[in-house]
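Pasting final-v8.cif here (mmCIF, C-alpha atoms):
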data_protein
loop_
_atom_site.label_atom_id
_atom_site.label_comp_id
_atom_site.auth_asym_id
_atom_site.auth_seq_id
_atom_site.Cartn_x
_atom_site.Cartn_y
_atom_site.Cartn_z
CA MET A 565 0.00 0.00 0.00
CA ARG A 566 2.71 2.42 0.99
CA GLY A 567 4.78 1.53 -2.07
CA LEU A 568 1.73 2.11 -4.25
CA VAL A 569 1.18 5.55 -2.77
CA THR A 570 4.84 6.40 -3.31
CA VAL A 571 4.71 5.32 -6.94
CA LEU A 572 1.50 7.28 -7.47
CA LEU A 573 3.04 10.39 -5.94
CA ALA A 574 6.13 9.99 -8.10
CA VAL A 575 4.00 9.64 -11.23
CA ILE A 576 1.91 12.71 -10.35
CA THR A 577 5.02 14.75 -9.61
CA GLY A 578 6.60 13.66 -12.88
CA MET A 579 3.46 14.57 -14.81
CA PHE A 580 3.37 17.95 -13.09
CA CYS A 581 7.01 18.66 -13.86
CA SER A 582 6.65 17.65 -17.51
CA PHE A 583 3.41 19.53 -18.11
CA VAL A 584 4.67 22.74 -16.53
CA THR A 585 6.88 23.22 -19.57
CA TYR A 586 3.76 23.52 -21.75
CA LEU A 587 2.46 26.52 -19.81
CA PRO A 588 2.73 29.89 -21.54
CA PHE A 589 5.55 32.14 -20.46
CA ILE A 590 4.85 35.18 -18.29
CA GLY A 591 4.09 38.11 -20.54
CA ASP A 592 3.51 35.91 -23.57
CA VAL A 593 1.38 37.93 -25.99
CA ASN A 594 -0.10 34.86 -27.64
CA SER A 595 -1.32 33.20 -24.45
CA ALA A 596 -5.07 32.90 -23.99
CA PRO A 597 -5.65 35.39 -21.13
CA ASN A 598 -3.51 38.03 -22.79
CA GLN A 599 -5.56 37.79 -25.97
CA HIS A 600 -9.10 37.99 -24.62
CA VAL A 601 -9.49 39.27 -21.08
CA THR A 602 -6.54 41.57 -20.46
CA PRO A 603 -6.96 43.90 -23.48
CA VAL A 604 -10.64 44.33 -22.66
CA TYR A 605 -9.85 45.30 -19.11
CA ILE A 606 -7.13 47.73 -20.17
CA GLU A 607 -9.29 49.37 -22.83
CA ARG A 608 -12.63 49.49 -21.08
CA SER A 609 -11.90 49.76 -17.35
CA VAL A 610 -12.01 53.56 -17.21
CA GLN A 611 -15.28 53.95 -19.08
CA ASP A 612 -16.80 50.93 -17.36
CA THR A 613 -15.82 51.50 -13.76
CA GLY A 614 -15.02 55.21 -13.63
CA SER A 615 -11.81 54.53 -11.76
CA PRO A 616 -8.50 55.54 -13.34
CA ASN A 617 -6.77 52.73 -11.47
CA ILE A 618 -7.19 49.46 -13.36
CA VAL A 619 -6.34 47.37 -10.31
CA THR A 620 -9.06 48.99 -8.22
CA GLY A 621 -11.54 48.65 -11.06
CA LEU A 622 -10.69 44.98 -11.38
CA LEU A 623 -10.76 44.18 -7.67
CA ALA A 624 -13.80 46.19 -6.70
CA ASP A 625 -15.93 46.08 -9.81
CA TYR A 626 -15.21 43.24 -12.23
CA ARG A 627 -14.25 40.92 -9.38
CA GLY A 628 -16.42 42.48 -6.70
CA PHE A 629 -17.95 39.20 -5.59
CA ASP A 630 -14.51 37.74 -4.96
CA THR A 631 -13.48 40.75 -2.88
CA MET A 632 -16.67 40.51 -0.85
CA TRP A 633 -15.82 37.00 0.30
CA GLU A 634 -12.23 38.09 0.89
CA THR A 635 -13.60 40.66 3.33
CA THR A 636 -15.79 38.00 4.89
CA VAL A 637 -12.75 35.78 5.38
CA MET A 638 -11.00 38.66 7.16
CA PHE A 639 -14.02 39.14 9.42
CA LEU A 640 -14.23 35.43 10.19
CA ALA A 641 -10.52 35.30 11.00
CA GLY A 642 -10.90 38.14 13.52
CA LEU A 643 -14.01 36.50 14.97
CA THR A 644 -12.19 33.19 15.37
CA VAL A 645 -9.20 34.81 17.09
CA VAL A 646 -11.49 36.61 19.53
CA MET A 647 -13.48 33.47 20.24
CA LEU A 648 -10.32 31.44 20.84
CA LEU A 649 -8.34 33.94 22.88
CA SER A 650 -10.72 36.15 24.82
CA SER A 651 -13.02 33.54 26.35
CA SER A 652 -12.28 33.75 30.06
CA THR A 653 -13.32 30.21 30.95
CA MET A 654 -11.38 28.32 28.34
CA GLY A 655 -7.87 29.49 29.13
CA ARG A 656 -7.70 28.62 32.80
CA ARG A 657 -7.48 25.16 34.20
CA PRO A 658 -9.77 24.33 37.10
CA GLU A 659 -7.00 22.62 39.14
CA LYS A 660 -4.94 25.79 39.11
CA GLU A 661 -7.84 27.89 40.33
CA ASP A 662 -8.39 25.46 43.20
CA GLU A 663 -4.75 25.78 44.16
CA ASP A 664 -5.02 29.55 44.15
CA ALA A 665 -8.14 29.49 46.27
CA MET B 337 -3.01 46.89 28.97
CA LYS B 338 -2.37 48.72 32.21
CA LYS B 339 1.01 50.34 32.15
CA PRO B 340 1.98 52.90 29.50
CA PHE B 341 4.25 52.04 26.66
CA GLY B 342 7.86 53.06 26.22
CA GLY B 343 9.53 56.18 27.55
CA ILE B 344 8.72 59.83 27.22
CA VAL B 345 10.35 60.05 23.76
CA LEU B 346 8.26 57.28 22.24
CA ASP B 347 5.10 58.57 23.88
CA THR B 348 5.60 62.09 22.56
CA ALA B 349 6.64 60.91 19.10
CA PHE B 350 3.65 58.62 18.72
CA ARG B 351 1.35 61.35 19.95
CA ILE B 352 2.43 63.36 16.89
CA ILE B 353 2.38 60.38 14.55
CA VAL B 354 -1.15 59.20 15.39
CA PRO B 355 -3.19 62.02 13.78
CA PHE B 356 -1.04 61.94 10.65
CA THR B 357 -1.50 58.18 10.40
CA LEU B 358 -5.26 58.54 10.67
CA ILE B 359 -5.38 61.31 8.06
CA TYR B 360 -3.15 59.28 5.73
CA GLY B 361 -5.43 56.29 6.21
CA VAL B 362 -8.45 58.29 5.10
CA TYR B 363 -6.41 59.66 2.19
CA VAL B 364 -5.45 56.15 1.08
CA LEU B 365 -9.11 55.14 1.26
CA ILE B 366 -10.37 58.08 -0.80
CA PHE B 367 -7.45 58.11 -3.23
CA GLY B 368 -7.50 54.32 -3.68
CA GLU B 369 -9.67 54.68 -6.75
CA ALA B 370 -7.13 56.82 -8.57
CA GLY B 371 -3.81 55.52 -7.31
CA PRO B 372 -2.23 52.81 -5.24
CA GLY B 373 -4.19 52.02 -2.13
CA GLY B 374 -7.67 50.88 -1.31
CA GLY B 375 -9.77 49.47 1.43
CA PHE B 376 -7.41 46.91 2.88
CA GLN B 377 -4.45 49.26 3.13
CA ALA B 378 -6.56 52.09 4.53
CA GLY B 379 -7.98 49.74 7.15
CA ALA B 380 -4.50 48.70 8.23
CA LEU B 381 -3.39 52.34 8.52
CA LEU B 382 -6.44 53.44 10.51
CA SER B 383 -6.10 50.50 12.84
CA ILE B 384 -2.44 51.36 13.39
CA GLY B 385 -3.58 54.81 14.55
CA VAL B 386 -5.91 53.26 17.11
CA VAL B 387 -3.35 50.65 18.18
CA LEU B 388 -0.69 53.33 18.72
CA SER B 389 -3.00 55.47 20.82
CA ARG B 390 -3.85 52.41 22.87
CA LEU B 391 -0.17 51.60 23.30
CA ILE B 392 0.50 55.10 24.63
CA MET B 393 -2.52 55.71 26.80
CA GLY B 394 -3.63 52.20 27.71
CA ASP B 395 -7.30 52.00 28.68
CA HIS B 396 -7.63 55.78 28.85
CA ALA B 397 -7.03 56.24 25.10
CA SER B 398 -9.57 58.51 23.45
CA PHE B 399 -9.83 56.15 20.45
CA ASN B 400 -10.48 53.16 22.65
CA ILE B 401 -12.91 50.68 21.16
CA SER B 402 -14.08 47.76 23.23
CA VAL B 403 -13.93 44.19 21.95
CA LYS B 404 -17.69 43.94 21.62
CA ASN B 405 -17.99 47.19 19.66
CA SER B 406 -15.11 46.36 17.34
CA LEU B 407 -16.51 42.90 16.66
CA VAL B 408 -19.91 44.38 15.80
CA LEU B 409 -18.32 47.07 13.65
CA ALA B 410 -16.27 44.48 11.74
CA GLY B 411 -19.54 42.75 10.92
CA VAL B 412 -21.06 46.09 9.95
CA GLY B 413 -18.19 46.70 7.52
CA THR B 414 -18.80 43.37 5.84
CA PHE B 415 -22.50 44.16 5.79
CA ILE B 416 -21.93 47.53 4.06
CA TYR B 417 -20.22 45.64 1.24
CA ALA B 418 -23.06 43.16 0.86
CA ALA B 419 -25.66 45.90 1.28
CA THR B 420 -24.20 47.74 -1.71
CA GLY B 421 -24.74 44.60 -3.73
CA TRP B 422 -28.28 44.23 -2.45
CA LEU B 423 -29.02 47.90 -3.16
CA ALA B 424 -28.17 47.31 -6.81
CA MET B 425 -30.20 44.12 -6.74
CA LEU B 426 -33.27 45.85 -5.29
CA ASN B 427 -33.07 48.45 -8.03
CA GLY B 428 -33.33 45.82 -10.74
CA GLY B 429 -29.74 44.92 -11.52
CA ASN B 430 -27.48 42.01 -10.75
CA PHE B 431 -25.75 41.57 -7.41
CA LEU B 432 -22.95 44.20 -7.11
CA ASP B 433 -23.85 45.72 -10.49
CA TYR B 434 -23.16 49.33 -9.59
CA SER B 435 -24.89 50.75 -12.67
CA TYR B 436 -28.18 50.10 -10.92
CA LEU B 437 -27.43 51.98 -7.71
CA PRO B 438 -30.36 54.29 -6.91
CA PHE B 439 -28.50 57.59 -7.29
CA LYS B 440 -28.58 60.22 -9.97
CA ALA B 441 -25.59 60.47 -12.27
CA GLU B 442 -24.98 61.45 -15.87
CA HIS B 443 -22.90 58.41 -16.76
CA THR B 444 -22.97 54.92 -15.39
CA ASN B 445 -19.26 55.01 -14.63
CA GLU B 446 -19.89 57.68 -12.00
CA LEU B 447 -22.26 55.25 -10.30
CA HIS B 448 -19.57 52.60 -10.56
CA ALA B 449 -17.08 54.92 -8.87
CA LEU B 450 -19.61 55.58 -6.11
CA GLY B 451 -20.20 51.86 -5.63
CA ILE B 452 -16.46 51.23 -5.45
CA LEU B 453 -16.19 53.93 -2.77
CA PHE B 454 -19.01 52.32 -0.77
CA ILE B 455 -17.52 48.87 -0.80
CA GLU B 456 -14.08 50.22 0.02
CA ILE B 457 -15.50 51.99 3.06
CA GLY B 458 -16.98 48.64 4.08
CA VAL B 459 -13.67 46.85 3.56
CA THR B 460 -11.85 49.56 5.50
CA ILE B 461 -14.13 49.29 8.52
CA CYS B 462 -13.92 45.50 8.48
CA VAL B 463 -10.12 45.35 8.25
CA MET B 464 -9.61 48.10 10.83
CA MET B 465 -11.92 46.55 13.37
CA THR B 466 -10.54 43.06 12.76
CA ILE B 467 -6.99 44.19 13.53
CA ILE B 468 -8.16 46.04 16.66
CA ASN B 469 -10.10 42.91 17.62
CA ILE B 470 -7.04 40.70 17.40
CA LEU B 471 -4.96 43.16 19.44
CA ASP B 472 -7.72 43.38 22.06
CA ALA B 473 -8.01 39.63 22.32
CA VAL B 474 -4.27 39.14 22.73
CA VAL B 475 -4.01 41.98 25.27
CA GLU B 476 -6.94 40.68 27.29
CA ARG B 477 -5.43 37.21 27.37
CA GLY B 478 -2.10 38.63 28.52
CA ASP B 479 -3.76 40.68 31.27
CA GLU B 480 -5.66 37.62 32.47
CA ASN B 481 -2.51 35.52 32.70
CA GLY B 482 -0.71 38.36 34.44
CA SER B 483 -3.42 38.81 37.06
CA ALA B 484 -3.65 35.06 37.67
CA LYS B 485 -0.02 35.00 38.66
#

I'd like the structure from this file rewritten - as structure tokens, please.
Amino acid sequence: MRGLVTVLLAVITGMFCSFVTYLPFIGDVNSAPNQHVTPVYIERSVQDTGSPNIVTGLLADYRGFDTMWETTVMFLAGLTVVMLLSSSTMGRRPEKEDEDA
Amino acid sequence: MKKPFGGIVLDTAFRIIVPFTLIYGVYVLIFGEAGPGGGFQAGALLSIGVVLSRLIMGDHASFNISVKNSLVLAGVGTFIYAATGWLAMLNGGNFLDYSYLPFKAEHTNELHALGILFIEIGVTICVMMTIINILDAVVERGDENGSAK
């Protein structure tokens, strides 16, 4: 079983390493995203979103739903930290309190 | 956090730095549409202002926000974001489609800019209050352990 898993992992890693070479290079003009999506954003973002900053237009307008859940993740992270750290009963151990009393 | 932070030099320096940090945070929020910046960065800056004033003055800080309030306000910030989406939805558009916001404007891209400002205010409040939350929780935990000993 363990040998099988090892072989499987090796095969997957080999496939990953060999297929990575087929990816388009960074900044390749002929790659798919640079031919369809990017020029549209660059040309239309000012008249679509009214913001001279393309990044803000992308984050807040075209990808607004994504940013909303990003904010929710931030909120949940803060909520989790507060729930874990600031609960007064969870941190102390009852034996220690008995010793103090 | 009971005892004040640092010496007289740090206290005086931070007293001067705090208002500038807060103003710069608001500037980053408003200017985020036109330049580098935005909600997340502005939230971090504003929270640093509050954290610094808490470090200097402890519980007597004028910007002090309790854990409960900051937790509620973090939720309110997230809600402002979603409410902007619902506002557009109630006016007949898609969720977060700012062209349908119920305000008067000559071009739709002005409405879009307004919507971006709304959601960035929401993001700012959420990030700011979350950072204050985490500081509060850690400080409270430290005070508890200190008083137990």

Query raised in the report: Which residues match the PyMOL selection byres ((chain A) within 8 of (chain B)) in the file above, as a ChimeraX atom specification?
Result: /A:610-617,620-621,624-625,628-629,632,635-636,638-639,641-643,645-646,649-650

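Here CA of Leu622 (chain A) is placed at a distance of 7.8 Å from CA of Tyr605 (chain A).
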
Query raised in the report: CA of Asn400 (chain B) and CA of Thr357 (chain B) are how many Å apart?
Result: 16.0 Å

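Every residue that the PyMOL selection byres ((chain B and resi 383) around 9) selects in this file is listed here: B:Leu358, B:Gly361, B:Ala378, B:Gly379, B:Ala380, B:Leu381, B:Leu382, B:Ile384, B:Gly385, B:Val386, B:Val387, B:Leu388, B:Val463, B:Met464, B:Met465, B:Thr466, B:Ile467, B:Ile468.
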
Let me see the file: selected residues, C-alpha atoms, as a compact mmCIF listing (two decimals), in the coordinates of the input.
# COMPACT_ATOMS: atom_id res chain seq x y z
CA LEU B 358 -5.26 58.54 10.67
CA GLY B 361 -5.43 56.29 6.21
CA ALA B 378 -6.56 52.09 4.53
CA GLY B 379 -7.98 49.74 7.15
CA ALA B 380 -4.50 48.70 8.23
CA LEU B 381 -3.39 52.34 8.52
CA LEU B 382 -6.44 53.44 10.51
CA ILE B 384 -2.44 51.36 13.39
CA GLY B 385 -3.58 54.81 14.55
CA VAL B 386 -5.91 53.26 17.11
CA VAL B 387 -3.35 50.65 18.18
CA LEU B 388 -0.69 53.33 18.72
CA VAL B 463 -10.12 45.35 8.25
CA MET B 464 -9.61 48.10 10.83
CA MET B 465 -11.92 46.55 13.37
CA THR B 466 -10.54 43.06 12.76
CA ILE B 467 -6.99 44.19 13.53
CA ILE B 468 -8.16 46.04 16.66

Report summary line: Separating CA of Ala349 (chain B) from CA of Asp395 (chain B), to the nearest tenth of an Å, is a gap of 19.1 Å
